[in-house]
Each structure stands twice: as C-alpha cells, then as structure tokens.
file input11.txt (compact mmCIF, C-alpha atoms)
# COMPACT_ATOMS: atom_id res chain seq x y z
CA MET A 120 13.03 7.08 17.03
CA ALA A 121 14.55 8.08 13.74
CA SER A 122 17.63 6.90 11.90
CA GLY A 123 17.41 3.34 10.70
CA ASP A 124 13.78 2.79 11.69
CA LEU A 125 11.93 0.44 9.38
CA LEU A 126 8.96 2.24 7.82
CA ALA A 127 7.77 -0.27 5.24
CA ASP A 128 8.82 -3.34 3.31
CA TRP A 129 7.52 -5.11 0.26
CA THR A 130 8.10 -8.43 -1.42
CA ALA A 131 7.94 -8.82 -5.18
CA ALA A 132 4.39 -10.13 -4.73
CA ASP A 133 3.36 -6.67 -3.54
CA GLY A 134 4.36 -5.03 -6.82
CA GLU A 135 1.70 -3.11 -8.71
CA THR A 136 1.49 -2.83 -12.49
CA GLY A 137 4.22 -0.64 -13.95
CA PRO A 138 3.78 2.02 -16.63
CA LEU A 139 2.18 0.85 -19.86
CA GLY A 140 4.46 -1.56 -21.69
CA GLU A 141 7.19 -1.34 -19.07
CA THR A 142 6.08 -3.66 -16.28
CA ALA A 143 8.74 -5.93 -14.83
CA GLU A 144 7.86 -9.61 -15.20
CA TYR A 145 6.78 -11.68 -12.21
CA ALA A 146 8.60 -14.98 -11.70
CA VAL A 147 9.45 -17.41 -8.92
CA VAL A 148 12.98 -18.46 -7.96
CA ASN A 149 13.28 -21.25 -5.42
CA GLY A 150 9.77 -20.54 -4.17
CA GLN A 151 10.44 -16.84 -3.81
CA PRO A 152 8.55 -14.26 -5.90
CA VAL A 153 10.84 -11.98 -7.86
CA LEU A 154 10.37 -9.31 -10.50
CA THR A 155 12.62 -9.64 -13.52
CA PHE A 156 13.87 -6.43 -15.11
CA ASN A 157 15.07 -6.71 -18.71
CA SER A 158 18.60 -5.71 -19.72
CA ALA A 159 17.55 -4.17 -23.05
CA THR A 160 14.51 -2.01 -22.26
CA ILE A 161 13.36 0.10 -19.36
CA GLU A 162 11.06 -1.82 -17.01
CA ALA A 163 9.41 -0.64 -13.82
CA VAL A 164 7.09 -1.51 -10.95
CA TYR A 165 5.10 0.47 -8.41
CA VAL A 166 4.81 -0.28 -4.70
CA SER A 167 2.57 1.71 -2.38
CA GLY A 168 1.91 2.31 1.30
CA VAL A 169 0.86 4.75 4.01
CA LEU A 170 3.77 6.46 5.79
CA SER A 171 4.21 5.00 9.26
CA SER A 172 3.97 7.04 12.44
CA ALA A 173 7.50 5.76 13.18
CA TYR A 174 8.76 8.36 10.71
CA ALA A 175 10.39 11.21 12.65
CA GLY A 176 10.93 13.82 9.94
CA GLY A 177 14.28 12.92 8.41
CA GLY A 178 15.24 11.64 5.01
CA LEU A 179 14.31 8.24 3.62
CA THR A 180 16.50 5.41 2.41
CA LEU A 181 15.22 2.80 0.02
CA THR A 182 17.02 -0.54 -0.07
CA LEU A 183 16.61 -2.70 -3.15
CA ILE A 184 17.34 -6.35 -2.41
CA TRP A 185 18.10 -7.93 -5.74
CA THR A 186 20.29 -10.28 -7.70
CA SER A 187 21.25 -11.04 -11.26
CA GLY A 188 20.02 -13.67 -13.66
CA PRO A 189 22.82 -14.97 -15.92
CA ALA A 190 25.06 -11.87 -15.68
CA THR A 191 28.77 -12.29 -15.15
CA SER A 192 29.84 -8.65 -14.96
CA GLY A 193 28.71 -5.05 -15.26
CA ASP A 194 26.58 -2.56 -13.40
CA CYS A 195 22.81 -2.28 -12.94
CA LEU A 196 21.30 1.22 -12.92
CA TRP A 197 18.28 1.47 -10.61
CA THR A 198 16.11 4.56 -10.25
CA CYS A 199 13.30 5.34 -7.81
CA ALA A 200 10.85 8.22 -7.41
CA ILE A 201 8.30 9.03 -4.68
CA GLU A 202 4.76 10.29 -5.17
CA ARG A 203 2.88 11.69 -2.18
CA GLN A 204 -0.91 11.23 -2.32
CA PRO A 205 -2.50 13.67 0.16
CA VAL A 206 -6.16 14.66 0.40
CA SER A 207 -7.43 15.79 -3.04
CA HIS A 208 -4.64 14.04 -4.93
CA PRO A 209 -6.05 12.97 -8.34
CA VAL A 210 -5.50 9.21 -8.56
CA GLY A 211 -5.65 9.31 -12.35
CA THR A 212 -2.64 11.60 -12.60
CA ASP A 213 1.02 10.94 -11.78
CA SER A 214 2.92 13.54 -9.77
CA PHE A 215 6.20 11.87 -8.84
CA ALA A 216 9.14 13.85 -7.52
CA THR A 217 12.39 13.68 -9.43
CA ALA A 218 13.86 10.18 -9.42
CA ASN A 219 17.09 9.30 -7.66
CA THR A 220 19.47 6.66 -8.91
CA VAL A 221 22.08 4.14 -7.85
CA THR A 222 24.54 2.28 -10.03
CA ALA A 223 25.16 -1.09 -8.44
CA PRO A 224 27.78 -3.67 -9.47
CA TRP A 225 26.57 -7.17 -10.31
CA PRO A 226 26.64 -9.56 -7.34
CA GLY A 227 29.82 -11.41 -8.28
CA THR A 228 27.99 -14.72 -8.33
CA GLU A 229 24.75 -15.19 -10.24
CA GLY A 230 21.78 -15.40 -7.91
CA HIS A 231 23.53 -13.96 -4.86
CA LEU A 232 21.82 -11.02 -3.15
CA VAL A 233 22.89 -7.41 -3.38
CA TYR A 234 21.54 -4.68 -1.06
CA SER A 235 21.59 -1.36 -2.96
CA THR A 236 20.43 1.86 -1.30
CA ILE A 237 18.96 5.08 -2.65
CA ALA A 238 18.65 8.05 -0.27
CA PHE A 239 15.96 10.74 -0.50
CA THR A 240 15.97 14.16 1.13
CA GLY A 241 13.50 17.09 1.21
CA ALA A 242 11.82 17.65 -2.15
CA GLN A 243 13.06 14.27 -3.32
CA MET A 244 10.52 12.80 -0.86
CA ASP A 245 7.72 14.88 -2.46
CA ALA A 246 7.09 16.37 1.03
CA LEU A 247 5.52 13.11 2.22
CA VAL A 248 4.22 13.15 5.82
CA VAL A 249 3.00 10.56 8.35
CA GLY A 250 -0.36 9.00 7.54
CA GLU A 251 -0.30 9.88 3.85
CA ARG A 252 -0.53 7.32 1.11
CA PHE A 253 2.42 7.21 -1.28
CA ARG A 254 3.77 5.31 -4.24
CA LEU A 255 7.30 4.42 -5.27
CA LEU A 256 8.23 3.92 -8.91
CA ILE A 257 11.20 1.57 -9.18
CA THR A 258 12.89 1.26 -12.56
CA ARG A 259 15.86 -0.49 -14.04
CA PHE A 260 17.24 2.04 -16.49
CA ALA A 261 18.50 -0.64 -18.84
CA SER A 262 18.76 1.59 -21.87
CA SER A 263 21.29 3.86 -20.16
CA VAL A 264 24.91 3.35 -21.10
CA THR A 265 25.64 3.22 -17.38
CA ASP A 266 23.71 -0.07 -17.15
CA THR A 267 26.23 -2.60 -18.43
CA MET A 268 24.94 -5.76 -16.77
CA GLY A 269 23.81 -8.48 -19.18
CA GLY A 270 20.64 -10.47 -18.48
CA ASP A 271 17.78 -9.83 -16.12
CA ALA A 272 17.99 -8.21 -12.72
CA HIS A 273 15.77 -10.02 -10.19
CA LEU A 274 14.20 -7.74 -7.57
CA VAL A 275 13.38 -9.80 -4.48
CA ALA A 276 12.31 -7.25 -1.87
CA VAL A 277 12.28 -3.56 -1.07
CA ARG A 278 12.73 -1.89 2.29
CA LEU A 279 12.08 1.72 3.33
CA THR A 280 13.86 3.11 6.40
CA GLU A 281 14.46 6.53 7.87
CA THR A 282 17.92 7.75 6.93
CA MET B 176 3.72 5.11 22.22
CA ALA B 177 0.01 5.24 21.74
CA SER B 178 -2.01 7.91 19.95
CA GLY B 179 -1.38 8.00 16.22
CA THR B 180 0.88 4.95 16.15
CA SER B 181 0.65 3.06 12.87
CA LEU B 182 -0.57 -0.51 13.36
CA ALA B 183 -1.33 -1.83 9.87
CA GLU B 184 -2.06 -0.81 6.32
CA TRP B 185 -3.49 -2.45 3.26
CA THR B 186 -3.50 -1.75 -0.46
CA MET B 187 -6.25 -3.26 -2.55
CA ASN B 188 -3.92 -6.08 -3.56
CA GLY B 189 -4.16 -7.30 0.01
CA VAL B 190 -7.90 -7.85 0.31
CA GLU B 191 -9.75 -11.11 0.80
CA SER B 192 -12.75 -12.21 -1.22
CA LEU B 193 -16.31 -12.77 -0.22
CA THR B 194 -18.28 -15.39 -2.12
CA SER B 195 -20.88 -12.76 -2.97
CA GLY B 196 -21.31 -9.04 -2.55
CA ALA B 197 -17.63 -8.27 -3.08
CA PRO B 198 -16.60 -5.01 -4.74
CA ALA B 199 -15.00 -5.31 -8.14
CA TRP B 200 -11.20 -5.13 -8.31
CA THR B 201 -9.83 -2.84 -10.95
CA VAL B 202 -6.82 -0.67 -11.75
CA VAL B 203 -6.83 3.12 -12.08
CA ASN B 204 -3.62 4.67 -13.37
CA ASN B 205 -1.73 1.50 -12.41
CA GLN B 206 -3.17 1.56 -8.88
CA PRO B 207 -5.32 -1.32 -7.64
CA VAL B 208 -8.69 -0.14 -6.32
CA LEU B 209 -11.96 -1.72 -5.19
CA GLU B 210 -15.17 -0.37 -6.70
CA PHE B 211 -18.15 -0.24 -4.35
CA ASP B 212 -21.48 -0.08 -6.13
CA ALA B 213 -23.98 2.75 -5.58
CA ALA B 214 -27.05 0.50 -5.64
CA ALA B 215 -26.13 -2.58 -3.56
CA ILE B 216 -24.18 -3.16 -0.38
CA GLU B 217 -20.69 -4.47 -1.15
CA THR B 218 -18.09 -5.59 1.36
CA THR B 219 -14.42 -6.50 1.47
CA LEU B 220 -12.34 -8.18 4.14
CA LEU B 221 -8.86 -7.32 5.41
CA SER B 222 -6.87 -9.21 8.00
CA GLY B 223 -3.76 -8.91 10.13
CA VAL B 224 -2.15 -9.62 13.48
CA LEU B 225 -2.29 -6.74 15.96
CA SER B 226 1.12 -5.10 16.27
CA SER B 227 3.08 -4.93 19.50
CA ALA B 228 3.08 -1.16 18.95
CA TYR B 229 -0.55 -1.15 20.17
CA ALA B 230 -0.67 0.39 23.65
CA GLY B 231 -4.22 -0.40 24.79
CA GLY B 232 -6.31 2.48 23.47
CA GLY B 233 -8.93 2.66 20.76
CA VAL B 234 -8.12 2.27 17.08
CA THR B 235 -8.92 4.44 14.10
CA VAL B 236 -9.37 3.16 10.57
CA THR B 237 -8.63 5.57 7.73
CA LEU B 238 -10.27 4.84 4.42
CA ILE B 239 -8.41 6.45 1.49
CA TRP B 240 -10.93 6.57 -1.34
CA THR B 241 -12.37 8.56 -4.17
CA SER B 242 -15.40 8.65 -6.44
CA ALA B 243 -15.52 7.28 -9.95
CA THR B 244 -17.77 10.03 -11.29
CA ALA B 245 -19.56 11.82 -8.45
CA THR B 246 -18.74 15.35 -7.33
CA SER B 247 -21.52 15.67 -4.75
CA GLY B 248 -23.53 13.62 -2.28
CA ASP B 249 -22.42 11.47 0.63
CA CYS B 250 -20.94 7.99 0.79
CA MET B 251 -21.75 5.90 3.85
CA TRP B 252 -18.94 3.57 4.92
CA ALA B 253 -19.14 0.93 7.64
CA SER B 254 -16.51 -1.26 9.26
CA ALA B 255 -16.36 -3.92 11.96
CA ILE B 256 -13.61 -5.87 13.70
CA GLU B 257 -13.45 -9.58 14.46
CA ARG B 258 -10.90 -10.82 16.98
CA GLN B 259 -9.58 -14.33 16.31
CA PRO B 260 -8.00 -15.59 19.54
CA VAL B 261 -7.02 -19.16 20.41
CA GLY B 262 -10.06 -21.38 19.94
CA HIS B 263 -11.79 -19.07 17.45
CA PRO B 264 -13.74 -21.12 14.89
CA ILE B 265 -12.56 -19.82 11.52
CA GLY B 266 -15.68 -21.16 9.77
CA THR B 267 -17.87 -18.79 11.74
CA ASP B 268 -18.08 -14.99 11.69
CA ASP B 269 -17.92 -13.23 15.03
CA PHE B 270 -17.62 -9.54 14.24
CA ALA B 271 -18.33 -6.79 16.73
CA ALA B 272 -20.99 -4.24 15.83
CA GLY B 273 -20.19 -2.18 12.76
CA GLN B 274 -19.26 1.48 13.04
CA THR B 275 -20.15 3.97 10.35
CA VAL B 276 -19.16 7.29 8.86
CA THR B 277 -20.95 9.39 6.29
CA ALA B 278 -18.35 11.07 4.13
CA THR B 279 -18.79 13.84 1.60
CA ALA B 280 -17.87 13.05 -1.99
CA PRO B 281 -14.76 14.75 -3.33
CA GLY B 282 -15.45 17.99 -5.18
CA THR B 283 -13.58 16.57 -8.15
CA ALA B 284 -14.12 12.97 -9.19
CA GLY B 285 -10.99 10.89 -8.80
CA THR B 286 -9.36 13.00 -6.09
CA LEU B 287 -8.59 11.42 -2.75
CA VAL B 288 -10.62 11.65 0.45
CA TYR B 289 -9.27 10.49 3.82
CA THR B 290 -12.18 9.31 5.98
CA THR B 291 -11.81 7.97 9.52
CA ILE B 292 -13.85 5.56 11.65
CA ALA B 293 -12.96 5.36 15.34
CA PHE B 294 -13.40 2.21 17.44
CA THR B 295 -13.30 2.66 21.20
CA HIS B 296 -11.26 0.28 23.31
CA GLY B 297 -13.31 -2.74 24.34
CA ALA B 298 -16.44 -4.04 22.68
CA GLN B 299 -16.21 -2.02 19.45
CA MET B 300 -12.75 -3.52 18.90
CA ASP B 301 -14.05 -6.97 19.85
CA SER B 302 -11.51 -6.81 22.73
CA LEU B 303 -8.67 -7.39 20.29
CA ALA B 304 -5.25 -7.75 21.96
CA VAL B 305 -1.63 -7.58 20.81
CA GLY B 306 -0.51 -10.65 18.85
CA GLU B 307 -4.01 -11.80 17.98
CA ARG B 308 -5.14 -12.28 14.41
CA PHE B 309 -8.08 -10.12 13.39
CA ARG B 310 -10.28 -9.45 10.43
CA MET B 311 -11.97 -6.22 9.48
CA TRP B 312 -14.76 -5.82 7.02
CA VAL B 313 -15.30 -2.59 5.13
CA SER B 314 -18.63 -1.92 3.42
CA ARG B 315 -20.30 0.78 1.49
CA SER B 316 -23.85 1.00 2.89
CA ALA B 317 -25.17 1.95 -0.50
CA THR B 318 -28.80 1.12 0.26
CA ASN B 319 -28.89 3.36 3.31
CA GLY B 320 -30.78 6.63 2.87
CA SER B 321 -27.69 8.49 4.05
CA ASP B 322 -25.69 7.27 1.04
CA THR B 323 -26.58 9.78 -1.67
CA MET B 324 -23.46 9.59 -3.80
CA THR B 325 -24.01 8.30 -7.33
CA GLY B 326 -21.62 5.97 -9.10
CA ASP B 327 -18.92 3.80 -7.63
CA ALA B 328 -16.78 4.63 -4.64
CA ARG B 329 -13.19 3.54 -5.22
CA LEU B 330 -11.25 2.36 -2.18
CA VAL B 331 -7.51 2.86 -2.72
CA ALA B 332 -5.95 2.03 0.66
CA VAL B 333 -6.77 1.48 4.34
CA SER B 334 -4.65 2.26 7.37
CA LEU B 335 -5.10 1.35 11.02
CA ARG B 336 -3.68 3.53 13.79
CA GLU B 337 -4.09 3.80 17.53
CA THR B 338 -6.57 6.57 18.30

call {"tool": "encode", "arguments": {"input": "input11.txt", "output": "structure tokens"}}
result
Amino acid sequence: MASGDLLADWTAADGETGPLGETAEYAVVNGQPVLTFNSATIEAVYVSGVLSSAYAGGGLTLTLIWTSGPATSGDCLWTCAIERQPVSHPVGTDSFATANTVTAPWPGTEGHLVYSTIAFTGAQMDALVVGERFRLLITRFASSVTDTMGGDAHLVAVRLTET
Amino acid sequence: MASGTSLAEWTMNGVESLTSGAPAWTVVNNQPVLEFDAAAIETTLLSGVLSSAYAGGGVTVTLIWTSATATSGDCMWASAIERQPVGHPIGTDDFAAGQTVTATAPGTAGTLVYTTIAFTHGAQMDSLAVGERFRMWVSRSATNGSDTMTGDARLVAVSLRET
C-alpha cells in the first residue's frame, strides 16, 4: 500500500485549541461542526494523531475540505505545518517543521465545498514515522496580501493521505 | 496484514467520563491531556469498533504520556478491554482482567514516554472480534507499591495496534 492510502481524518469537532489569541471559532452549519477562520486576522487550529501503519514511507498530502461564508470572490491562503512527537519530545515546546501553503480560489457559490491539497515531502514531514504521535497546525493566513477572500472560511474536515 | 497494523487511536478529546475517579482534563501547550493523580487511582474510558484490519492476533496498547513534575520513579499503568457484542447489556461492566505495566518516569518532566501493554488473543482481549464495539479503561494504579512516581502523570494519546 502507498499512494492515496487514507492515514487519518478529522472533523472540525476534533480541533484542538490554536495558538494563544488565534484559535478559529467553532460553529455549526446545518448540523455540521465547522471552524470559522477570520478574513482579517490569522487564525489557526491544531489536530493530532498517531501515524498509521498504513503509511509506506512516501510523502503526505493534506486535504482541507472547506467552504466560504459570505465571500463572493478572491483567494484563501491556507498553511499547514507538521510536528513529530517521538519519545522524549517535550510537550510544552513547539517544534513544527516549516509550513507549506496553498492558495485556493473561493468556491464560486457560498457554502459549496472546496477540496484543497497541501503536499509534504521529506523534512517538511518533520521525519515523522509510523506509530509516532504528531500534530498539524492549520492556519488561514488572512493577513497576507495573497488572501483576498472576504468573510470567514469554514473548515469542515481534514484528511491525511499518502502522496 | 497483522503485526503492527494500526487499529485505533485516541487523543484526550476522545475520552469518556466516569462519574467518579476520573482524571482531570487539562491543556498543556494547546494539547489536551488527562492528569492522573499520584495518590488515588484514577481511570478513563475509551471506546471504538474493532477495525477490519485486525487479523486475529493479540493487540498492543501504547500509552503516550509524560510526567507533570517527576524526573524519577515508576508509574504503574493498567488497562482492560470489554467486548460489547450483540446482546451486551450497556448498563453493566464486563471487562476482562486488567493488564499492567510499570513504566519509568521520563528523565525530564514533560517529555514523552511511549509505554506498551500487550493483550494476548483470547481472554485478555475479552474475545473481541472485528466489527464489534469495545471499551477500554486505562488507569494509573497510584496506590500500588510499584507506583513510586510523584506528581501527576499526563496521558497525551493512546494507540491500539495488532501485536
């Protein structure tokens, strides 16, 4: 097994508190938990897991399943970074690898889903191996000039597959 | 597939409450953890449905934990499995015998330890089969003479793999 294998998935209800003062807001849309990311300030959320034995040593691809609030145009800039947590990792200290980004156009119709992917290779994965705990830091980089989408972005789910 | 196959994982957002004797939920560096007292036995419950990836062997639970303050001593963990097949009365506990491990505290408080407890196929697993719901309790046996670690033990994540 390798390419395309599902390694983990999270709903918005699985999100863990983001960095101080930057946590995306939890809300419910049509009975579905979503995290709302502001269009004016950087907001973020963590998700965590233990890398599945289905992982065969390749790269990783993160898929952000999201939509817009009231936006009618523009792009949303998402970033994500991986932190490996092996034996002796200090839980009180962050050690994320460099973040990767994707600039995704708004969905065309408010509330319609977009699947945006971010690929990670080698050091970008923080050398994560099977059986190790890890965290992902997912951020909307709203303060970047590249992020031109008005209104909130609603993150619905996140999927991690082997590239 | 068999040995080492990932079957389930839990963060401390995914635990279930006991009416008494539950570890305190808290957050360390934005990560949800459960704090198990050094003076009294505390227990948490996790649940799932056994994955079709299970191939009929034993299972191994990995506890990913750290100490709040301790840098020496041993922490005694225990865990047991309860199968919940058709006809199981959910108002009644029916766990198999608990299995234990005595794990050495991390040399630096707050750094991760990966500690395993193996359950052999059969009675120790409560004869759990693919597709059946199960529960697993995890305790710190703080009142046992073998538990010599001072301060809280902080459980960060739990994974279940085929042995």

call {"tool": "closest_atom_pairs", "arguments": {"input": "input11.txt", "of": "chain A", "to": "chain B", "cutoff": "12 Å", "atoms": "all atoms listed in the file", "output": "CSV"}}
result
residue,atom,partner,partner_atom,distance
A:Met120,CA,B:Met176,CA,10.8
A:Leu126,CA,B:Ser181,CA,9.8
A:Ala127,CA,B:Glu184,CA,9.9
A:Asp128,CA,B:Glu184,CA,11.6
A:Trp129,CA,B:Thr186,CA,11.5
A:Ala132,CA,B:Asn188,CA,9.3
A:Asp133,CA,B:Asn188,CA,7.3
A:Gly134,CA,B:Asn188,CA,9.0
A:Glu135,CA,B:Gln206,CA,6.7
A:Thr136,CA,B:Asn205,CA,5.4
A:Gly137,CA,B:Asn205,CA,6.5
A:Pro138,CA,B:Asn205,CA,7.0
A:Leu139,CA,B:Asn205,CA,8.4
A:Gly140,CA,B:Asn205,CA,11.6
A:Glu141,CA,B:Asn205,CA,11.5
A:Thr142,CA,B:Asn205,CA,10.1
A:Ala163,CA,B:Asn205,CA,11.4
A:Val164,CA,B:Asn205,CA,9.4
A:Tyr165,CA,B:Asn205,CA,8.0
A:Val166,CA,B:Gln206,CA,9.2
A:Ser167,CA,B:Thr186,CA,7.2
A:Gly168,CA,B:Thr186,CA,7.0
A:Val169,CA,B:Glu184,CA,6.7
A:Leu170,CA,B:Ser181,CA,8.5
A:Ser171,CA,B:Ser181,CA,5.4
A:Ser172,CA,B:Ser181,CA,5.2
A:Ala173,CA,B:Thr180,CA,7.3
A:Tyr174,CA,B:Ser181,CA,9.9
A:Ala175,CA,B:Thr180,CA,11.9
A:Arg203,CA,B:Leu287,CA,11.5
A:Gln204,CA,B:Leu287,CA,7.7
A:Pro205,CA,B:Leu287,CA,7.1
A:Val206,CA,B:Leu287,CA,5.1
A:Ser207,CA,B:Leu287,CA,4.5
A:His208,CA,B:Thr286,CA,5.0
A:Pro209,CA,B:Thr286,CA,4.0
A:Val210,CA,B:Gly285,CA,5.7
A:Gly211,CA,B:Asn204,CA,5.2
A:Thr212,CA,B:Asn204,CA,7.0
A:Asp213,CA,B:Asn204,CA,8.0
A:Ser214,CA,B:Asn204,CA,11.6
A:Val249,CA,B:Ser181,CA,9.1
A:Gly250,CA,B:Ser334,CA,8.0
A:Glu251,CA,B:Tyr289,CA,9.0
A:Arg252,CA,B:Ala332,CA,7.6
A:Phe253,CA,B:Ala332,CA,10.0
A:Arg254,CA,B:Gln206,CA,9.2
A:Leu255,CA,B:Gln206,CA,11.4
A:Leu256,CA,B:Asn205,CA,10.8

call {"tool": "atom_distance", "arguments": {"input": "input11.txt", "atom1": "atom CA of B:Ile216", "atom2": "atom CA of B:Ser316"}}
result
5.3 Å

call {"tool": "residues_around", "arguments": {"input": "input11.txt", "residues": "A:Gly188", "least_positions_apart": "2", "cutoff": "10 Å", "atoms": "all atoms listed in the file", "output": "NGL selection string"}}
result
:A and (155-157 or 185-186 or 190-191 or 225 or 228-231 or 268-273)

call {"tool": "closest_residue", "arguments": {"input": "input11.txt", "among": "B:Ala197, B:Val208, B:Ala253, B:Leu225", "to": "B:Asn319", "atoms": "all atoms listed in the file"}}
result
B:Ala253

call {"tool": "residues_around", "arguments": {"input": "input11.txt", "residues": "B:Gly273", "least_positions_apart": "6", "cutoff": "10 Å", "atoms": "only C-alpha atoms", "output": "PyMOL selection string"}}
result
chain B and resi 252-256+294+299-300+311-314

call {"tool": "write_last_selection", "arguments": {"input": "input11.txt", "atoms": "C-alpha atoms", "output": "compact mmCIF listing (two decimals), keeping the file's coordinate frame"}}
result
# COMPACT_ATOMS: atom_id res chain seq x y z
CA TRP B 252 -18.94 3.57 4.92
CA ALA B 253 -19.14 0.93 7.64
CA SER B 254 -16.51 -1.26 9.26
CA ALA B 255 -16.36 -3.92 11.96
CA ILE B 256 -13.61 -5.87 13.70
CA PHE B 294 -13.40 2.21 17.44
CA GLN B 299 -16.21 -2.02 19.45
CA MET B 300 -12.75 -3.52 18.90
CA MET B 311 -11.97 -6.22 9.48
CA TRP B 312 -14.76 -5.82 7.02
CA VAL B 313 -15.30 -2.59 5.13
CA SER B 314 -18.63 -1.92 3.42

call {"tool": "residues_around", "arguments": {"input": "input11.txt", "residues": "B:Ser192", "least_positions_apart": "3", "cutoff": "10 Å", "atoms": "all atoms listed in the file", "output": "mmCIF file with C-alpha atoms, in the frame of the given file"}}
result
data_model
loop_
_atom_site.group_PDB
_atom_site.id
_atom_site.type_symbol
_atom_site.label_atom_id
_atom_site.label_comp_id
_atom_site.auth_asym_id
_atom_site.auth_seq_id
_atom_site.Cartn_x
_atom_site.Cartn_y
_atom_site.Cartn_z
ATOM 1 C CA GLY B 189 -4.160 -7.300 0.010
ATOM 2 C CA SER B 195 -20.880 -12.760 -2.970
ATOM 3 C CA GLY B 196 -21.310 -9.040 -2.550
ATOM 4 C CA ALA B 197 -17.630 -8.270 -3.080
ATOM 5 C CA PRO B 198 -16.600 -5.010 -4.740
ATOM 6 C CA THR B 218 -18.090 -5.590 1.360
ATOM 7 C CA THR B 219 -14.420 -6.500 1.470
ATOM 8 C CA LEU B 220 -12.340 -8.180 4.140
ATOM 9 C CA LEU B 221 -8.860 -7.320 5.410
#

call {"tool": "atom_distance", "arguments": {"input": "input11.txt", "atom1": "atom CA of A:Gly241", "atom2": "atom CA of A:Cys195"}}
result
25.7 Å

call {"tool": "axis_aligned_box", "arguments": {"input": "input11.txt", "around": "stretch 324-338 of chain B", "padding_each_side": "4 Å", "output": "JSON"}}
result
{"center_x": -13.8, "center_y": 5.5, "center_z": 4.6, "size_x": 28.3, "size_y": 16.2, "size_z": 35.4}

call {"tool": "closest_residue", "arguments": {"input": "input11.txt", "among": "B:Ala243, B:Ala298, B:Val261, B:Ala304", "to": "B:Ala280", "atoms": "all atoms listed in the file"}}
result
B:Ala243

call {"tool": "atom_distance", "arguments": {"input": "input11.txt", "atom1": "atom CA of A:Ala242", "atom2": "atom CA of A:Val221"}}
result
17.9 Å

call {"tool": "residues_around", "arguments": {"input": "input11.txt", "residues": "A:Met244", "least_positions_apart": "2", "cutoff": "9 Å", "atoms": "all atoms listed in the file", "output": "list in words"}}
result
Gly178, Leu179, Ala200, Ile201, Glu202, Arg203, Ala216, Thr217, Phe239, Thr240, Gly241, Ala242, Ala246 and Leu247 of chain A

call {"tool": "closest_residue", "arguments": {"input": "input11.txt", "among": "B:Met324, B:Ala317, B:Ile292, B:Ala214", "to": "B:Ser247", "atoms": "all atoms listed in the file"}}
result
B:Met324
